[in-house]
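> Coordinates in protein33.cif, mmCIF, C-alpha atoms and all ligand atoms, are listed below.
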data_input
loop_
_atom_site.label_atom_id
_atom_site.label_comp_id
_atom_site.auth_asym_id
_atom_site.auth_seq_id
_atom_site.Cartn_x
_atom_site.Cartn_y
_atom_site.Cartn_z
CA MET A 1 84.25 31.14 -9.64
CA LYS A 2 82.21 34.04 -10.88
CA VAL A 3 84.24 36.59 -8.98
CA LEU A 4 87.40 35.34 -10.67
CA ASN A 5 85.74 35.88 -14.00
CA ARG A 6 85.59 39.60 -13.37
CA PRO A 7 88.98 41.16 -13.88
CA ASN A 8 89.59 44.70 -12.66
CA LEU A 9 86.57 44.50 -10.39
CA LYS A 10 88.06 46.78 -7.78
CA LEU A 11 89.39 49.22 -10.33
CA ILE A 12 85.92 49.65 -11.68
CA LEU A 13 84.05 49.44 -8.41
CA ILE A 14 85.96 51.84 -6.21
CA PRO A 15 85.31 55.05 -8.19
CA LEU A 16 81.70 54.02 -8.58
CA LEU A 17 81.20 53.52 -4.87
CA ALA A 18 82.07 57.11 -4.34
CA ALA A 19 79.39 58.12 -6.79
CA SER A 20 76.67 55.75 -5.80
CA LEU A 21 76.16 54.08 -2.46
CA THR A 22 73.45 51.87 -3.90
CA TYR A 23 76.23 49.64 -5.17
CA LEU A 24 77.25 48.84 -1.63
CA GLN A 25 73.84 47.41 -0.88
CA SER A 26 73.74 45.38 -4.04
CA CYS A 27 77.12 43.72 -3.89
CA LYS A 28 75.99 40.37 -2.58
CA ASP A 29 72.81 38.49 -3.29
CA GLU A 30 71.25 35.89 -1.03
CA ASP A 31 73.62 33.19 -2.31
CA GLY A 32 76.63 35.36 -1.62
CA ASP A 33 77.32 35.96 -5.30
CA ILE A 34 78.60 39.38 -6.14
CA ASN A 35 76.21 41.49 -8.18
CA LEU A 36 77.43 44.94 -9.11
CA PHE A 37 73.98 46.14 -10.06
CA SER A 38 71.17 47.36 -7.86
CA VAL A 39 67.57 46.25 -8.38
CA SER A 40 66.79 49.65 -9.89
CA ASP A 41 69.69 49.13 -12.32
CA ASP A 42 68.10 45.83 -13.36
CA LEU A 43 64.82 47.64 -13.94
CA ALA A 44 66.42 50.50 -15.88
CA PHE A 45 68.52 48.16 -17.98
CA GLY A 46 65.52 45.90 -18.62
CA ALA A 47 63.35 48.81 -19.74
CA GLN A 48 66.05 50.07 -22.10
CA THR A 49 66.77 46.69 -23.66
CA ALA A 50 63.05 45.88 -23.97
CA GLU A 51 62.39 49.14 -25.79
CA GLN A 52 65.30 48.37 -28.10
CA ILE A 53 64.04 44.84 -28.80
CA ASP A 54 60.45 45.99 -29.36
CA ASN A 55 61.66 48.40 -32.07
CA ASP A 56 64.08 45.93 -33.67
CA SER A 57 62.48 44.55 -36.84
CA SER A 58 64.50 41.32 -36.54
CA PHE A 59 62.26 40.47 -33.57
CA SER A 60 58.84 39.76 -35.03
CA ILE A 61 56.76 40.86 -32.04
CA ILE A 62 53.12 39.79 -32.17
CA ASP A 63 50.88 42.83 -31.77
CA SER A 64 49.06 42.66 -28.44
CA ALA A 65 46.15 44.88 -29.58
CA SER A 66 45.12 42.52 -32.37
CA ASN A 67 45.93 39.28 -30.52
CA VAL A 68 44.05 39.94 -27.32
CA GLU A 69 43.06 36.34 -26.67
CA ALA A 70 46.57 34.94 -27.02
CA TYR A 71 48.00 37.59 -24.71
CA ALA A 72 45.20 37.07 -22.18
CA TYR A 73 46.11 33.38 -22.06
CA ILE A 74 49.83 33.86 -21.49
CA TYR A 75 49.29 36.69 -18.99
CA ALA A 76 46.94 34.41 -17.03
CA MET A 77 49.75 31.84 -16.95
CA ARG A 78 52.17 34.49 -15.70
CA ASP A 79 49.70 35.62 -13.03
CA LYS A 80 49.36 32.08 -11.72
CA ILE A 81 53.12 32.05 -11.13
CA LEU A 82 53.17 35.54 -9.59
CA ASN A 83 50.17 34.79 -7.38
CA THR A 84 52.20 32.17 -5.53
CA GLN A 85 53.82 35.24 -3.88
CA LEU A 86 57.05 33.27 -3.85
CA LEU A 87 59.01 35.57 -6.16
CA THR A 88 61.24 38.20 -4.62
CA TYR A 89 60.22 40.94 -7.08
CA THR A 90 56.56 40.09 -7.69
CA ASP A 91 55.46 43.71 -7.42
CA GLN A 92 58.69 45.55 -8.28
CA PHE A 93 59.30 44.07 -11.74
CA PRO A 94 56.80 44.67 -14.59
CA TRP A 95 56.81 41.02 -15.78
CA ARG A 96 55.63 42.27 -19.17
CA ILE A 97 55.28 39.62 -21.89
CA ARG A 98 55.79 39.83 -25.65
CA LEU A 99 55.12 36.93 -27.99
CA VAL A 100 57.63 36.60 -30.84
CA ASN A 101 56.48 35.12 -34.13
CA ASP A 102 59.51 32.97 -34.90
CA GLU A 103 59.92 29.21 -35.31
CA VAL A 104 63.05 29.15 -33.14
CA LEU A 105 62.70 27.26 -29.83
CA ASN A 106 63.37 30.18 -27.58
CA ALA A 107 62.24 32.24 -24.62
CA PHE A 108 64.15 34.77 -22.57
CA CYS A 109 63.69 37.37 -19.87
CA THR A 110 65.64 40.62 -19.62
CA PRO A 111 66.97 41.92 -16.31
CA GLY A 112 64.06 43.50 -14.48
CA GLY A 113 61.49 41.09 -15.90
CA TYR A 114 60.57 41.73 -19.55
CA ILE A 115 59.63 38.30 -20.91
CA TYR A 116 59.81 37.18 -24.56
CA VAL A 117 58.29 33.85 -25.65
CA TYR A 118 58.70 32.49 -29.17
CA THR A 119 55.87 30.78 -31.06
CA GLY A 120 58.36 28.07 -32.11
CA LEU A 121 58.75 27.05 -28.47
CA ILE A 122 55.01 27.29 -27.74
CA LYS A 123 54.15 25.08 -30.70
CA PHE A 124 56.89 22.55 -29.85
CA LEU A 125 55.38 21.96 -26.41
CA GLU A 126 52.31 19.83 -25.76
CA TYR A 127 51.10 20.91 -22.33
CA GLU A 128 50.40 24.21 -20.60
CA SER A 129 52.42 22.97 -17.62
CA GLU A 130 55.49 22.59 -19.86
CA LEU A 131 55.28 26.20 -21.02
CA ALA A 132 54.66 27.24 -17.40
CA GLY A 133 57.84 25.37 -16.44
CA VAL A 134 59.89 27.21 -19.06
CA MET A 135 58.32 30.56 -18.10
CA GLY A 136 59.11 29.86 -14.45
CA HIS A 137 62.70 29.11 -15.45
CA GLU A 138 63.07 32.37 -17.40
CA MET A 139 61.35 34.44 -14.71
CA ALA A 140 63.72 32.92 -12.16
CA HIS A 141 66.71 34.25 -14.11
CA ALA A 142 65.31 37.78 -13.66
CA ASP A 143 63.96 37.31 -10.12
CA LYS A 144 67.22 35.74 -8.87
CA ARG A 145 69.04 38.48 -10.79
CA HIS A 146 71.14 36.14 -12.92
CA SER A 147 70.70 38.28 -16.02
CA THR A 148 72.87 41.24 -15.08
CA ASP A 149 75.48 38.79 -13.80
CA ALA A 150 75.56 36.88 -17.08
CA LEU A 151 75.58 40.12 -19.09
CA SER A 152 78.51 41.44 -17.05
CA ARG A 153 80.47 38.27 -17.71
CA GLN A 154 79.66 38.39 -21.40
CA TYR A 155 80.11 42.08 -22.13
CA GLY A 156 82.09 43.48 -19.20
CA VAL A 157 80.88 45.57 -16.29
CA SER A 158 82.05 48.92 -17.62
CA LEU A 159 80.07 48.59 -20.85
CA MET A 160 76.96 47.65 -18.85
CA LEU A 161 77.39 50.71 -16.67
CA ASP A 162 77.92 52.97 -19.68
CA ILE A 163 74.59 51.78 -21.01
CA ILE A 164 72.76 52.18 -17.71
CA PHE A 165 74.09 55.71 -17.40
CA GLY A 166 73.11 56.45 -21.00
CA LYS A 167 76.65 56.87 -22.30
CA ASP A 168 76.63 54.21 -24.96
CA LYS A 169 73.42 53.96 -26.96
CA GLY A 170 75.14 52.19 -29.84
CA GLN A 171 76.16 49.22 -27.73
CA LEU A 172 72.67 48.95 -26.28
CA ALA A 173 71.36 47.64 -29.60
CA ARG A 174 74.04 44.95 -29.72
CA ILE A 175 73.44 43.80 -26.15
CA ALA A 176 69.65 43.90 -26.47
CA SER A 177 69.78 41.70 -29.53
CA GLY A 178 72.26 39.37 -27.76
CA LEU A 179 69.88 38.82 -24.83
CA LYS A 180 68.09 36.11 -26.78
CA ASP A 181 71.30 34.03 -26.76
CA LEU A 182 72.61 34.99 -23.33
CA GLN A 183 74.69 32.25 -21.71
CA TYR A 184 74.08 31.62 -18.03
CA SER A 185 76.42 29.73 -15.74
CA ARG A 186 75.71 26.09 -14.89
CA LYS A 187 74.86 27.09 -11.34
CA ASN A 188 72.36 29.71 -12.49
CA GLU A 189 70.73 27.29 -14.92
CA ALA A 190 70.32 24.75 -12.13
CA GLU A 191 68.89 27.41 -9.82
CA ALA A 192 66.40 28.58 -12.46
CA ASP A 193 65.26 24.97 -12.96
CA GLU A 194 64.90 24.57 -9.20
CA TYR A 195 62.75 27.69 -8.75
CA SER A 196 60.59 26.70 -11.69
CA VAL A 197 59.68 23.54 -9.72
CA ILE A 198 59.25 25.38 -6.41
CA TRP A 199 56.96 28.02 -7.89
CA LEU A 200 54.86 25.64 -10.01
CA ASN A 201 54.51 23.37 -6.98
CA ALA A 202 52.53 26.18 -5.32
CA THR A 203 50.03 26.17 -8.25
CA ASP A 204 47.73 23.43 -9.56
CA TRP A 205 50.17 22.70 -12.42
CA ASP A 206 52.40 19.68 -12.78
CA ALA A 207 55.48 21.22 -11.14
CA LYS A 208 57.92 19.26 -13.30
CA GLY A 209 56.71 21.03 -16.45
CA ALA A 210 60.21 22.17 -17.40
CA ALA A 211 61.37 18.54 -17.38
CA GLY A 212 58.70 17.79 -19.99
CA PHE A 213 60.42 20.25 -22.28
CA PHE A 214 63.86 18.67 -21.86
CA GLN A 215 62.37 15.19 -22.28
CA LYS A 216 60.86 16.27 -25.60
CA LEU A 217 64.26 17.46 -26.78
CA ILE A 218 65.79 14.11 -25.84
CA ASP A 219 62.94 12.14 -27.44
CA GLN A 220 63.30 14.06 -30.66
CA GLY A 221 67.06 13.59 -30.69
CA GLN A 222 67.70 17.28 -30.31
CA SER A 223 69.81 17.07 -27.19
CA GLY A 224 72.85 18.04 -29.27
CA GLY A 225 70.99 21.10 -30.44
CA THR A 226 69.57 22.32 -27.15
CA PRO A 227 68.40 25.88 -27.61
CA GLN A 228 70.95 28.35 -26.40
CA PHE A 229 68.53 29.91 -23.96
CA LEU A 230 68.73 26.74 -21.91
CA SER A 231 72.47 26.41 -22.50
CA THR A 232 74.17 23.15 -23.27
CA HIS A 233 75.14 22.35 -19.71
CA PRO A 234 74.24 20.38 -17.75
CA ASP A 235 72.84 18.05 -20.37
CA PRO A 236 69.06 17.73 -20.73
CA GLY A 237 69.00 14.23 -19.18
CA ASN A 238 70.63 15.47 -15.99
CA ARG A 239 68.22 18.36 -15.87
CA VAL A 240 65.18 16.09 -16.19
CA GLN A 241 66.60 14.10 -13.26
CA ALA A 242 67.32 17.18 -11.13
CA ILE A 243 63.86 18.63 -11.78
CA THR A 244 62.19 15.31 -10.97
CA ASP A 245 64.29 14.96 -7.79
CA LYS A 246 63.20 18.44 -6.65
CA TRP A 247 59.56 17.57 -7.32
CA ILE A 248 59.91 14.38 -5.23
CA GLU A 249 61.64 16.35 -2.46
CA LEU A 250 58.65 18.73 -2.38
CA GLY A 251 56.19 15.86 -1.95
CA SER A 252 55.52 14.50 -5.48
CA LYS A 253 52.30 16.50 -5.74
CA PRO A 254 50.31 15.52 -8.83
CA GLY A 255 49.33 18.49 -10.99
CA VAL A 256 47.34 19.41 -14.08
CA GLN A 257 48.85 19.68 -17.56
CA ASN A 258 45.88 21.44 -19.27
CA GLN A 259 46.48 19.92 -22.67
CA ALA A 260 43.11 20.88 -24.19
CA GLU A 261 43.43 24.54 -23.18
CA TYR A 262 46.98 24.62 -24.46
CA THR A 263 46.00 23.16 -27.83
CA SER A 264 43.39 25.92 -28.20
CA PHE A 265 46.00 28.54 -27.31
CA LYS A 266 48.34 27.21 -30.00
CA SER A 267 45.56 27.35 -32.58
CA ILE A 268 44.97 31.10 -32.11
CA LEU A 269 48.61 32.05 -32.62
CA PRO A 270 49.61 33.56 -35.96
ZN ZN A 301 68.18 29.41 -18.35
#
Write out the structure in this file as structure tokens.
Ligand SMILES: [Zn+2]

Amino acid sequence: MKVLNRPNLKLILIPLLAASLTYLQSCKDEDGDINLFSVSDDLAFGAQTAEQIDNDSSFSIIDSASNVEAYAYIYAMRDKILNTQLLTYTDQFPWRIRLVNDEVLNAFCTPGGYIYVYTGLIKFLEYESELAGVMGHEMAHADKRHSTDALSRQYGVSLMLDIIFGKDKGQLARIASGLKDLQYSRKNEAEADEYSVIWLNATDWDAKGAAGFFQKLIDQGQSGGTPQFLSTHPDPGNRVQAITDKWIELGSKPGVQNQAEYTSFKSILP
């Protein structure tokens, strides 16, 4: 499916292969999907887009120097996920986090692992395990290298390569700002949900945290307005079911939700 979505693949790829053998090694990921980008491309592209976003005034980034406590909390959450040692790029990707002061229900992760979490999402959720579930989902998009794939489908491979090789700085701004609304395929969304459960299951958290988020959307009648970062397909009800099924498959381990800690975290946000 995805391969068919990439016209002129060979026309673009063949000259590049001559220039860079790294592309040969990066053509197929563990699921057999074609990925034209190497891991170092993901890192380079992530660093460039993150720098662009950080300097874009339409992203209201919360200053880490004057919000030490809030950042310490969310980095501790990230570390709990990384410490499972289940991610492929635990040590290779920076997994840097920026909090965005914006009421939109959103979170996203660039290629190469630069994570952005919106206060609107944090305040919408009730439990730490729910935010952990969403973070796990977003980190999975980077760790399973869905991001460059989705970007290639959305913007075209040649434009992506121009940016990586520094040829098109103007387009970088457009793509960086579009990352917050990046559309992933149904398969990649399902895989990100699945890894969120697998990773959280190796912590003391309730591993179905991400399902709590979808359930809240359904309960509040927002299923028609699912945030773009989670895409509109499959529908939230199906995703709650799939997440719960995965949790059962892994042994239905009960986990903590840390509501009190999470409420305190919300109270220190701007
Ligand atoms: Zn997603």
> Hey, can you pull every residue with an atom no more than 10 Å from (59.7, 29.6, -17.0), using only C-alpha atoms, and send it as a list in words?
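In the file's frame, the residues around the point are Arg78, Ile81, Ala107, Phe108, Cys109, Ile115, Val117, Ser129, Glu130, Leu131, Ala132, Gly133, Val134, Met135, Gly136, His137, Glu138, Met139, Ala140, His141, Ala192, Asp193, Tyr195, Ser196, Val197, Trp199, Leu200, Gly209 and Ala210 of chain A.
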> Taking into account all atoms listed in the file, which residue in the set A:Asn106, A:Gln92, A:Gln257, A:Asn101 is nearest to Ala142 in chain A?
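Closest residue, counting all atoms listed in the file: A:Gln92.
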> Could you tell me how far CA of Arg186 in chain A lies from CA of Lys216 in chain A, in Å and to one decimal?
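Between these atoms lies a distance of 20.8 Å.
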> Which residue, A:Ser38, A:Thr203, A:Ser267, A:Thr84, has the smallest gap to Thr148 in chain A when you use all atoms listed in the file?
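Among the listed residues, the smallest separation from Thr148 in chain A belongs to A:Ser38.
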> What are the centre and edge lengths in Å, to one decimal, of the axis-aligned box around all listed atoms of range 203-219 of chain A with 3 Å added on each side, as AutoDock Vina command-line options?

--center_x 56.8 --center_y 19.2 --center_z -17.8 --size_x 24.1 --size_y 20.0 --size_z 25.2
> Take CA of Ala207 in chain A and CA of Asp42 in chain A and report the distance between them in Å, one decimal.
27.7 Å
> At a cut-off of 9 Å, using all atoms listed in the file, what residues contact Val240 in chain A? Leave out same-chain residues fewer than 6 positions from it and give the result as a compact mmCIF listing (two decimals) with C-alpha atoms, in the coordinates of the input.

# COMPACT_ATOMS: atom_id res chain seq x y z
CA LYS A 208 57.92 19.26 -13.30
CA ALA A 210 60.21 22.17 -17.40
CA ALA A 211 61.37 18.54 -17.38
CA GLY A 212 58.70 17.79 -19.99
CA PHE A 213 60.42 20.25 -22.28
CA PHE A 214 63.86 18.67 -21.86
CA GLN A 215 62.37 15.19 -22.28
> Atoms are missing here; could range 56-75 of chain A be completed with N, CA and C atoms and written as a PDB file, keeping the file's coordinate frame?

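This is the output file out16.pdb:
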ATOM      1  N   ASP A  56      63.124  46.600 -32.776  1.00  0.00           N
ATOM      2  CA  ASP A  56      64.080  45.930 -33.670  1.00  0.00           C
ATOM      3  C   ASP A  56      63.288  45.012 -34.603  1.00  0.00           C
ATOM      4  N   SER A  57      63.328  45.296 -35.903  1.00  0.00           N
ATOM      5  CA  SER A  57      62.480  44.550 -36.840  1.00  0.00           C
ATOM      6  C   SER A  57      62.907  43.086 -36.972  1.00  0.00           C
ATOM      7  N   SER A  58      64.117  42.727 -36.480  1.00  0.00           N
ATOM      8  CA  SER A  58      64.500  41.320 -36.540  1.00  0.00           C
ATOM      9  C   SER A  58      63.772  40.487 -35.476  1.00  0.00           C
ATOM     10  N   PHE A  59      63.138  41.158 -34.517  1.00  0.00           N
ATOM     11  CA  PHE A  59      62.260  40.470 -33.570  1.00  0.00           C
ATOM     12  C   PHE A  59      60.824  40.692 -34.064  1.00  0.00           C
ATOM     13  N   SER A  60      60.184  39.624 -34.483  1.00  0.00           N
ATOM     14  CA  SER A  60      58.840  39.760 -35.030  1.00  0.00           C
ATOM     15  C   SER A  60      57.821  39.694 -33.881  1.00  0.00           C
ATOM     16  N   ILE A  61      57.638  40.817 -33.217  1.00  0.00           N
ATOM     17  CA  ILE A  61      56.760  40.860 -32.040  1.00  0.00           C
ATOM     18  C   ILE A  61      55.299  40.795 -32.474  1.00  0.00           C
ATOM     19  N   ILE A  62      54.546  39.916 -31.859  1.00  0.00           N
ATOM     20  CA  ILE A  62      53.120  39.790 -32.170  1.00  0.00           C
ATOM     21  C   ILE A  62      52.373  40.931 -31.482  1.00  0.00           C
ATOM     22  N   ASP A  63      51.595  41.648 -32.266  1.00  0.00           N
ATOM     23  CA  ASP A  63      50.880  42.830 -31.770  1.00  0.00           C
ATOM     24  C   ASP A  63      49.848  42.426 -30.702  1.00  0.00           C
ATOM     25  N   SER A  64      49.948  43.059 -29.545  1.00  0.00           N
ATOM     26  CA  SER A  64      49.060  42.660 -28.440  1.00  0.00           C
ATOM     27  C   SER A  64      47.629  43.189 -28.657  1.00  0.00           C
ATOM     28  N   ALA A  65      47.494  44.299 -29.380  1.00  0.00           N
ATOM     29  CA  ALA A  65      46.150  44.880 -29.580  1.00  0.00           C
ATOM     30  C   ALA A  65      45.286  44.010 -30.490  1.00  0.00           C
ATOM     31  N   SER A  66      45.923  43.342 -31.467  1.00  0.00           N
ATOM     32  CA  SER A  66      45.120  42.520 -32.370  1.00  0.00           C
ATOM     33  C   SER A  66      45.208  41.015 -32.053  1.00  0.00           C
ATOM     34  N   ASN A  67      45.868  40.683 -30.960  1.00  0.00           N
ATOM     35  CA  ASN A  67      45.930  39.280 -30.520  1.00  0.00           C
ATOM     36  C   ASN A  67      45.585  39.190 -29.035  1.00  0.00           C
ATOM     37  N   VAL A  68      44.454  39.782 -28.721  1.00  0.00           N
ATOM     38  CA  VAL A  68      44.050  39.940 -27.320  1.00  0.00           C
ATOM     39  C   VAL A  68      43.911  38.600 -26.609  1.00  0.00           C
ATOM     40  N   GLU A  69      43.315  37.636 -27.300  1.00  0.00           N
ATOM     41  CA  GLU A  69      43.060  36.340 -26.670  1.00  0.00           C
ATOM     42  C   GLU A  69      44.356  35.606 -26.315  1.00  0.00           C
ATOM     43  N   ALA A  70      45.294  35.626 -27.256  1.00  0.00           N
ATOM     44  CA  ALA A  70      46.570  34.940 -27.020  1.00  0.00           C
ATOM     45  C   ALA A  70      47.317  35.579 -25.847  1.00  0.00           C
ATOM     46  N   TYR A  71      47.322  36.906 -25.818  1.00  0.00           N
ATOM     47  CA  TYR A  71      48.000  37.590 -24.710  1.00  0.00           C
ATOM     48  C   TYR A  71      47.292  37.363 -23.384  1.00  0.00           C
ATOM     49  N   ALA A  72      45.951  37.319 -23.425  1.00  0.00           N
ATOM     50  CA  ALA A  72      45.200  37.070 -22.180  1.00  0.00           C
ATOM     51  C   ALA A  72      45.588  35.708 -21.608  1.00  0.00           C
ATOM     52  N   TYR A  73      45.767  34.739 -22.499  1.00  0.00           N
ATOM     53  CA  TYR A  73      46.110  33.380 -22.060  1.00  0.00           C
ATOM     54  C   TYR A  73      47.486  33.359 -21.385  1.00  0.00           C
ATOM     55  N   ILE A  74      48.466  33.956 -22.038  1.00  0.00           N
ATOM     56  CA  ILE A  74      49.830  33.860 -21.490  1.00  0.00           C
ATOM     57  C   ILE A  74      49.982  34.752 -20.251  1.00  0.00           C
ATOM     58  N   TYR A  75      49.248  35.860 -20.207  1.00  0.00           N
ATOM     59  CA  TYR A  75      49.290  36.690 -18.990  1.00  0.00           C
ATOM     60  C   TYR A  75      48.617  35.968 -17.819  1.00  0.00           C
TER      61      TYR A  75
END
